[in-house]
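> Quick one: the structure is below, questions incoming.
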Amino acid sequence: MHSLASYELGVLAIGAIGFGLFLLIKGGDWTIEAAAWIAEKSGLSKLFIAATIVAFGTSAPELFTSINANLSGFAGISLGNVVGSNIANVFMVIGISAMIMPIAIDRSRVRIDTIVMIIATVVLVGGVITGTFTRLMGLLMFAGIIGYVIYQYMNDSLGDDDEDADEEADFSGMGKAILTLALGFGAMVVGSEVLVRGAVAGGVALGVREAVIGMTVVAFGTSLPELSTCLAAARKGHSDMIIGGIVGSNIFNILSIVALTAIVKPLVAAPDFLTFDIPAVVVVTAIFAGFLFFMKSFGRLTGGLFTAGYVAFISFQYSTLFVG
């Protein structure tokens, strides 16, 4: 009976995870399309849209999932989702995109953004070391993301010479775009609840700790919007869109998602995050920053190595299940 119950729980968990991911992905698509259309009609450049609005839009699934998980008492999933997503953004998204099309790096245009990403990662490490992201920490971090958006807006003119026209959703009017935006957020709210519950049930069935579920299944799922956006940009050769989107997303994941999650409810960081997970995200961020500072491109070989690194990361997370 116990094995049957575990089997049934596992099947239900897989179904819930799949449905939750579907809602998150569709909700993310609707949110990005509507937000980008509204922004462009408001006269904003595509560079600004990529580095802020699209970056936040692709991070929206992580936001709803992390807040929902923390409010439900699963802080490990909440924090693990952010840590895992930042690793997935670099090793999985950049890796796969670079294998499709080498990604050129304009070092002068991403220098400040890279520095902000490093600072955000240091803040993440500091919060985990203290053991709790308090509401005050959340407010200060969110103030940081507001400053970053203002900086991007002040430098918006950098993207005015972009003449490439991406395939975008065509809304008949502002009302339809706003309705699509609302539906996107609604889908992500429901999807985050279903995904968290399914992931927790799956973890129970497999005997996996919630932080691992957060950093693997949940993080992979909530990183799919970034992957789909970057793959589209890679096929069209828009390297700036890829780099700007990933750097912006990693910044938003920390200074917005962790911040807002902590503002809603203080986010407790388990000590075991410091044994492997935090060092892993620090190493991945350092490698990414090193490329952005000193290299001219992410080539196909680099993309393959990054992707292999992500597979190794996921494999290590689950290795304890098979090692006595």
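A note on labels: chains of the structure tokens are A, B, ... as shown, every chain counts residues from 1, and ligands are counted from 1 in their shown order.
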Quick one: DSSP strand (DSSP E) residues in stretch 45-289 of chain A, as a compact mmCIF listing (two decimals) with C-alpha atoms, in the first residue's frame?


```
# COMPACT_ATOMS: atom_id res chain seq x y z
CA ILE A 103 27.05 35.14 -29.25
CA ALA A 104 29.10 38.31 -29.76
CA THR A 132 17.56 35.44 6.82
CA PHE A 133 16.58 38.01 4.23
CA LEU A 267 12.99 34.58 3.73
CA VAL A 268 14.95 32.07 5.81
```

> Give me, as a tab-separated table, the closest atom pair and its distance (Å, one decimal) for every residue of stretch 104-125 of chain A within a cut-off of 12 Å of stretch 71-84 of chain A, counting only C-alpha atoms, rows sorted by chain and rising number.


```
residue	atom	partner	partner_atom	distance
A:Ala120	CA	A:Val83	CA	11.9
A:Thr121	CA	A:Val83	CA	9.6
A:Leu124	CA	A:Val83	CA	9.0
A:Val125	CA	A:Val83	CA	10.2
```

> Would you save the residues from that selection as a JSON list (two decimals), in the first residue's frame, using N, CA and C atoms?


```json
[["chain", "number", "residue", "atom", "x", "y", "z"],
["A", 120, "ALA", "N", 24.92, 42.18, -7.00],
["A", 120, "ALA", "CA", 23.70, 41.47, -6.60],
["A", 120, "ALA", "C", 24.04, 40.08, -6.06],
["A", 121, "THR", "N", 24.99, 39.40, -6.70],
["A", 121, "THR", "CA", 25.38, 38.07, -6.24],
["A", 121, "THR", "C", 26.04, 38.13, -4.87],
["A", 124, "LEU", "N", 23.35, 38.44, -2.39],
["A", 124, "LEU", "CA", 22.72, 37.13, -2.20],
["A", 124, "LEU", "C", 23.53, 36.27, -1.23],
["A", 125, "VAL", "N", 24.84, 36.23, -1.44],
["A", 125, "VAL", "CA", 25.72, 35.44, -0.57],
["A", 125, "VAL", "C", 25.65, 35.98, 0.86]]
```

> For stretch 227-230 of chain A, list every protein, DNA or RNA residue within 10 Å, evaluated using only C-alpha atoms, and leave out those in the same chain fewer than 2 positions away; present the list as a VMD selection string.

chain A and resid 25 29 32 50 54 to 55 58 88 to 89 92 to 98 220 to 225 232 to 239 241 to 243 245 to 246

> Create the file for the chosen residues now, containing N, CA and C atoms and written as an mmCIF file, in the first residue's frame.


```
data_model
loop_
_atom_site.group_PDB
_atom_site.id
_atom_site.type_symbol
_atom_site.label_atom_id
_atom_site.label_comp_id
_atom_site.auth_asym_id
_atom_site.auth_seq_id
_atom_site.Cartn_x
_atom_site.Cartn_y
_atom_site.Cartn_z
ATOM 1 N N ILE A 25 4.787 29.059 -18.459
ATOM 2 C CA ILE A 25 5.377 29.394 -19.754
ATOM 3 C C ILE A 25 4.421 30.242 -20.580
ATOM 4 N N ASP A 29 4.893 34.095 -21.650
ATOM 5 C CA ASP A 29 4.814 34.539 -23.042
ATOM 6 C C ASP A 29 3.852 35.714 -23.189
ATOM 7 N N ILE A 32 5.330 38.883 -21.519
ATOM 8 C CA ILE A 32 6.424 39.485 -22.284
ATOM 9 C C ILE A 32 5.890 40.183 -23.528
ATOM 10 N N ALA A 50 14.771 44.954 -23.659
ATOM 11 C CA ALA A 50 15.481 43.692 -23.436
ATOM 12 C C ALA A 50 16.094 43.630 -22.050
ATOM 13 N N VAL A 54 11.693 42.927 -20.662
ATOM 14 C CA VAL A 54 11.711 41.508 -21.025
ATOM 15 C C VAL A 54 12.428 40.692 -19.951
ATOM 16 N N ALA A 55 13.518 41.260 -19.401
ATOM 17 C CA ALA A 55 14.240 40.556 -18.330
ATOM 18 C C ALA A 55 13.327 40.321 -17.139
ATOM 19 N N THR A 58 10.584 37.677 -18.169
ATOM 20 C CA THR A 58 11.026 36.285 -18.137
ATOM 21 C C THR A 58 11.328 35.821 -16.714
ATOM 22 N N ALA A 88 20.999 28.190 -14.285
ATOM 23 C CA ALA A 88 20.396 27.736 -15.539
ATOM 24 C C ALA A 88 20.487 28.808 -16.622
ATOM 25 N N ASN A 89 20.298 30.063 -16.244
ATOM 26 C CA ASN A 89 20.369 31.152 -17.219
ATOM 27 C C ASN A 89 21.718 31.186 -17.930
ATOM 28 N N MET A 92 22.709 26.822 -19.003
ATOM 29 C CA MET A 92 21.758 26.206 -19.921
ATOM 30 C C MET A 92 21.375 27.149 -21.055
ATOM 31 N N VAL A 93 20.886 28.350 -20.702
ATOM 32 C CA VAL A 93 20.362 29.257 -21.731
ATOM 33 C C VAL A 93 21.477 29.805 -22.626
ATOM 34 N N ILE A 94 22.521 30.375 -22.019
ATOM 35 C CA ILE A 94 23.640 30.867 -22.823
ATOM 36 C C ILE A 94 24.300 29.701 -23.563
ATOM 37 N N GLY A 95 24.443 28.560 -22.882
ATOM 38 C CA GLY A 95 25.081 27.408 -23.493
ATOM 39 C C GLY A 95 24.373 26.925 -24.737
ATOM 40 N N ILE A 96 23.073 26.695 -24.635
ATOM 41 C CA ILE A 96 22.307 26.201 -25.782
ATOM 42 C C ILE A 96 22.247 27.251 -26.882
ATOM 43 N N SER A 97 22.050 28.520 -26.497
ATOM 44 C CA SER A 97 21.977 29.598 -27.490
ATOM 45 C C SER A 97 23.287 29.715 -28.261
ATOM 46 N N ALA A 98 24.425 29.606 -27.555
ATOM 47 C CA ALA A 98 25.732 29.727 -28.210
ATOM 48 C C ALA A 98 26.000 28.560 -29.153
ATOM 49 N N PHE A 220 14.471 24.978 -13.504
ATOM 50 C CA PHE A 220 14.476 24.671 -14.939
ATOM 51 C C PHE A 220 13.190 25.165 -15.587
ATOM 52 N N GLY A 221 12.084 24.874 -14.952
ATOM 53 C CA GLY A 221 10.803 25.270 -15.518
ATOM 54 C C GLY A 221 10.641 26.774 -15.617
ATOM 55 N N THR A 222 11.024 27.480 -14.552
ATOM 56 C CA THR A 222 10.845 28.933 -14.567
ATOM 57 C C THR A 222 11.908 29.631 -15.417
ATOM 58 N N SER A 223 12.946 28.902 -15.864
ATOM 59 C CA SER A 223 13.950 29.471 -16.769
ATOM 60 C C SER A 223 13.593 29.252 -18.239
ATOM 61 N N LEU A 224 12.532 28.503 -18.508
ATOM 62 C CA LEU A 224 12.152 28.239 -19.894
ATOM 63 C C LEU A 224 11.784 29.508 -20.664
ATOM 64 N N PRO A 225 11.128 30.514 -20.035
ATOM 65 C CA PRO A 225 10.883 31.759 -20.786
ATOM 66 C C PRO A 225 12.172 32.413 -21.273
ATOM 67 N N ALA A 232 15.136 32.429 -29.730
ATOM 68 C CA ALA A 232 14.595 33.240 -30.826
ATOM 69 C C ALA A 232 15.595 34.313 -31.229
ATOM 70 N N ALA A 233 16.230 34.944 -30.236
ATOM 71 C CA ALA A 233 17.224 35.980 -30.523
ATOM 72 C C ALA A 233 18.461 35.379 -31.194
ATOM 73 N N ALA A 234 18.856 34.168 -30.777
ATOM 74 C CA ALA A 234 20.018 33.513 -31.376
ATOM 75 C C ALA A 234 19.778 33.194 -32.849
ATOM 76 N N ARG A 235 18.578 32.731 -33.161
ATOM 77 C CA ARG A 235 18.265 32.410 -34.555
ATOM 78 C C ARG A 235 18.326 33.645 -35.448
ATOM 79 N N LYS A 236 18.037 34.817 -34.862
ATOM 80 C CA LYS A 236 18.052 36.071 -35.620
ATOM 81 C C LYS A 236 19.367 36.824 -35.478
ATOM 82 N N GLY A 237 20.317 36.255 -34.691
ATOM 83 C CA GLY A 237 21.624 36.878 -34.548
ATOM 84 C C GLY A 237 21.659 38.107 -33.669
ATOM 85 N N HIS A 238 20.698 38.265 -32.765
ATOM 86 C CA HIS A 238 20.640 39.429 -31.891
ATOM 87 C C HIS A 238 21.387 39.137 -30.590
ATOM 88 N N SER A 239 22.707 39.249 -30.623
ATOM 89 C CA SER A 239 23.528 38.929 -29.453
ATOM 90 C C SER A 239 23.231 39.845 -28.272
ATOM 91 N N MET A 241 20.515 41.230 -27.408
ATOM 92 C CA MET A 241 19.260 40.838 -26.757
ATOM 93 C C MET A 241 19.493 39.665 -25.809
ATOM 94 N N ILE A 242 20.364 38.738 -26.219
ATOM 95 C CA ILE A 242 20.648 37.562 -25.390
ATOM 96 C C ILE A 242 21.421 37.967 -24.141
ATOM 97 N N ILE A 243 22.532 38.684 -24.341
ATOM 98 C CA ILE A 243 23.360 39.087 -23.206
ATOM 99 C C ILE A 243 22.585 39.987 -22.258
ATOM 100 N N GLY A 245 19.379 40.281 -21.885
ATOM 101 C CA GLY A 245 18.284 39.566 -21.231
ATOM 102 C C GLY A 245 18.756 38.705 -20.076
ATOM 103 N N ILE A 246 19.875 37.989 -20.248
ATOM 104 C CA ILE A 246 20.367 37.090 -19.197
ATOM 105 C C ILE A 246 20.967 37.874 -18.035
#
```

> When distances are computed from only C-alpha atoms, which of A:Ala211, A:Val116, A:Ile287, A:Leu140 shows the smallest separation from A:Gln317?

A:Ala211

> Which residue gives the smallest distance to A:Val218 among A:Val189, A:Met117, A:Ala35, A:Val194, with only C-alpha atoms counted?

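Under the stated criterion, the closest residue is A:Val194.
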
> Among stretch 94-299 of chain A, which ones does DSSP place in helix (DSSP H, G or I), written as a short mmCIF file (atom, residue, chain, number, x, y, z; two decimals) with C-alpha atoms, in the first residue's frame?


```cif
data_model
loop_
_atom_site.label_atom_id
_atom_site.label_comp_id
_atom_site.auth_asym_id
_atom_site.auth_seq_id
_atom_site.Cartn_x
_atom_site.Cartn_y
_atom_site.Cartn_z
CA ILE A 94 23.64 30.87 -22.82
CA GLY A 95 25.08 27.41 -23.49
CA ILE A 96 22.31 26.20 -25.78
CA SER A 97 21.98 29.60 -27.49
CA ALA A 98 25.73 29.73 -28.21
CA MET A 99 25.64 26.24 -29.74
CA ILE A 100 22.98 27.47 -32.17
CA ARG A 107 32.11 44.58 -23.59
CA SER A 108 31.71 48.36 -23.37
CA ARG A 109 27.92 48.16 -23.35
CA VAL A 110 27.57 45.48 -20.68
CA ARG A 111 30.35 46.55 -18.28
CA ILE A 112 28.09 48.39 -15.82
CA ASP A 113 25.41 45.69 -16.02
CA THR A 114 28.01 43.01 -15.27
CA ILE A 115 29.22 44.95 -12.23
CA VAL A 116 25.63 45.26 -10.98
CA MET A 117 25.18 41.49 -11.46
CA ILE A 118 28.31 40.81 -9.39
CA ILE A 119 27.12 43.17 -6.63
CA ALA A 120 23.70 41.47 -6.60
CA THR A 121 25.38 38.07 -6.24
CA VAL A 122 27.48 39.35 -3.33
CA VAL A 123 24.27 40.58 -1.68
CA LEU A 124 22.72 37.13 -2.20
CA VAL A 125 25.72 35.44 -0.57
CA GLY A 126 25.61 37.89 2.34
CA GLY A 127 21.92 37.22 2.95
CA VAL A 128 22.44 33.46 2.98
CA ILE A 129 25.38 33.83 5.39
CA THR A 130 23.23 35.87 7.81
CA ARG A 135 11.99 42.88 5.20
CA LEU A 136 14.49 45.74 5.57
CA MET A 137 17.02 43.85 3.43
CA GLY A 138 14.27 43.25 0.88
CA LEU A 139 13.40 46.94 0.75
CA LEU A 140 17.05 47.94 0.29
CA MET A 141 17.52 45.33 -2.43
CA PHE A 142 14.38 46.46 -4.23
CA ALA A 143 15.63 50.05 -4.05
CA GLY A 144 18.71 48.76 -5.84
CA ILE A 145 16.68 47.32 -8.72
CA ILE A 146 14.79 50.58 -9.06
CA GLY A 147 18.12 52.36 -9.35
CA TYR A 148 19.21 49.87 -11.99
CA VAL A 149 16.07 50.44 -14.06
CA ILE A 150 16.54 54.21 -13.81
CA TYR A 151 20.13 53.77 -15.01
CA GLN A 152 18.92 51.70 -17.96
CA TYR A 153 16.28 54.28 -18.80
CA MET A 154 18.81 57.13 -18.67
CA ASP A 156 18.03 54.24 -23.30
CA SER A 157 19.42 56.18 -26.26
CA LEU A 158 22.07 53.46 -26.75
CA GLY A 159 19.48 51.29 -28.46
CA MET A 174 -3.96 49.16 -25.63
CA GLY A 175 -7.00 47.56 -23.98
CA LYS A 176 -6.27 44.17 -25.50
CA ALA A 177 -2.60 44.42 -24.54
CA ILE A 178 -3.47 45.25 -20.93
CA LEU A 179 -5.98 42.36 -20.82
CA THR A 180 -3.30 39.99 -22.16
CA LEU A 181 -0.89 41.29 -19.53
CA ALA A 182 -3.46 40.62 -16.78
CA LEU A 183 -4.16 37.12 -18.13
CA GLY A 184 -0.43 36.44 -18.20
CA PHE A 185 -0.02 37.40 -14.58
CA GLY A 186 -3.10 35.37 -13.64
CA ALA A 187 -1.78 32.28 -15.41
CA MET A 188 1.53 32.63 -13.58
CA VAL A 189 -0.21 32.98 -10.20
CA VAL A 190 -2.15 29.75 -10.74
CA GLY A 191 0.79 28.01 -12.40
CA SER A 192 3.14 28.87 -9.53
CA GLU A 193 0.73 27.40 -6.98
CA VAL A 194 0.27 24.17 -8.97
CA LEU A 195 4.00 23.88 -9.67
CA VAL A 196 5.04 24.39 -6.04
CA ARG A 197 2.52 21.86 -4.76
CA GLY A 198 3.48 19.35 -7.42
CA ALA A 199 7.20 19.84 -6.78
CA VAL A 200 6.76 19.38 -3.04
CA ALA A 201 4.70 16.22 -3.59
CA GLY A 202 7.31 14.90 -6.02
CA GLY A 203 10.07 15.63 -3.54
CA VAL A 204 8.22 13.75 -0.83
CA ALA A 205 7.69 10.77 -3.13
CA LEU A 206 11.39 10.68 -4.09
CA GLU A 210 12.95 20.91 -1.10
CA ALA A 211 16.02 23.04 -1.91
CA VAL A 212 17.11 20.50 -4.55
CA ILE A 213 13.63 20.46 -6.08
CA GLY A 214 13.74 24.26 -6.16
CA MET A 215 17.14 24.40 -7.84
CA THR A 216 16.40 21.76 -10.45
CA VAL A 217 12.79 21.06 -11.45
CA VAL A 218 11.35 24.44 -10.44
CA ALA A 219 14.37 26.48 -11.60
CA PHE A 220 14.48 24.67 -14.94
CA GLY A 221 10.80 25.27 -15.52
CA THR A 222 10.84 28.93 -14.57
CA LEU A 224 12.15 28.24 -19.89
CA PRO A 225 10.88 31.76 -20.79
CA GLU A 226 14.51 32.99 -20.84
CA LEU A 227 15.48 29.98 -22.95
CA SER A 228 12.70 30.50 -25.52
CA THR A 229 13.42 34.25 -25.74
CA CYS A 230 17.18 33.74 -26.18
CA LEU A 231 16.77 30.94 -28.72
CA ALA A 232 14.59 33.24 -30.83
CA ALA A 233 17.22 35.98 -30.52
CA ALA A 234 20.02 33.51 -31.38
CA ARG A 235 18.26 32.41 -34.55
CA SER A 239 23.53 38.93 -29.45
CA ASP A 240 22.78 42.08 -27.45
CA MET A 241 19.26 40.84 -26.76
CA ILE A 242 20.65 37.56 -25.39
CA ILE A 243 23.36 39.09 -23.21
CA GLY A 244 21.15 41.92 -21.98
CA GLY A 245 18.28 39.57 -21.23
CA ILE A 246 20.37 37.09 -19.20
CA VAL A 247 22.36 39.68 -17.26
CA GLY A 248 19.16 41.60 -16.55
CA SER A 249 17.31 38.43 -15.56
CA ASN A 250 20.04 37.38 -13.10
CA ILE A 251 19.96 40.85 -11.55
CA PHE A 252 16.16 40.83 -11.32
CA ASN A 253 16.16 37.33 -9.83
CA ILE A 254 18.13 38.59 -6.82
CA LEU A 255 17.27 42.26 -6.39
CA SER A 256 13.61 41.86 -7.31
CA ILE A 257 12.49 38.28 -6.65
CA VAL A 258 14.41 37.64 -3.42
CA ALA A 259 13.66 41.22 -2.34
CA LEU A 260 9.90 41.07 -2.92
CA THR A 261 9.71 37.59 -1.44
CA ALA A 262 11.44 38.86 1.72
CA ILE A 263 9.22 41.96 1.87
CA VAL A 264 6.08 39.81 1.79
CA PRO A 271 22.74 26.70 6.27
CA ASP A 272 23.15 23.83 3.81
CA PHE A 273 22.90 26.32 0.92
CA LEU A 274 26.46 27.33 1.80
CA ASP A 277 24.65 25.70 -3.92
CA ILE A 278 25.92 29.20 -3.12
CA PRO A 279 29.52 28.36 -4.10
CA ALA A 280 28.14 26.97 -7.37
CA VAL A 281 26.24 30.15 -8.26
CA VAL A 282 29.28 32.25 -7.31
CA VAL A 283 31.53 30.21 -9.62
CA VAL A 284 29.02 30.33 -12.48
CA THR A 285 28.54 34.08 -12.07
CA ALA A 286 32.32 34.60 -11.96
CA ILE A 287 32.79 32.60 -15.17
CA PHE A 288 29.99 34.54 -16.88
CA ALA A 289 31.39 37.89 -15.71
CA GLY A 290 34.87 36.88 -16.85
CA PHE A 291 33.59 36.29 -20.37
CA LEU A 292 31.69 39.59 -20.38
CA PHE A 293 34.75 41.51 -19.20
CA PHE A 294 37.50 39.89 -21.25
#
```

> Which one of A:Ser172, A:Thr134, A:Thr52, A:Phe276 sits closest to A:Asn155 if you count only C-alpha atoms?

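Of A:Ser172, A:Thr134, A:Thr52, A:Phe276, the one nearest A:Asn155 is A:Thr52, counting only C-alpha atoms.
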
> Name the closest residue to A:Ser319 among the candidates A:Ile53, A:Val208, A:Leu12, A:Ile105; distances are taken between atoms, counting only C-alpha atoms.

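For A:Ser319, the nearest of the given residues is A:Val208.
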
> One number please: atom CA of A:Thr307 to atom CA of A:Thr65, in Å, one decimal.

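One can read the atom CA of A:Thr307 to atom CA of A:Thr65 distance as 24.5 Å.
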
> Using only C-alpha atoms, find the one residue out of A:Val90, A:Gly207, A:Phe64, A:Asp106 that sits nearest to A:Lys296.

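Among A:Val90, A:Gly207, A:Phe64, A:Asp106, it is A:Asp106 that comes nearest to A:Lys296.
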
> Atom CA of A:Gly299 and atom CA of A:Met101, how far apart in Å?

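Taking atom CA of A:Met101 as the start and atom CA of A:Gly299 as the end point, the length is 7.8 Å.
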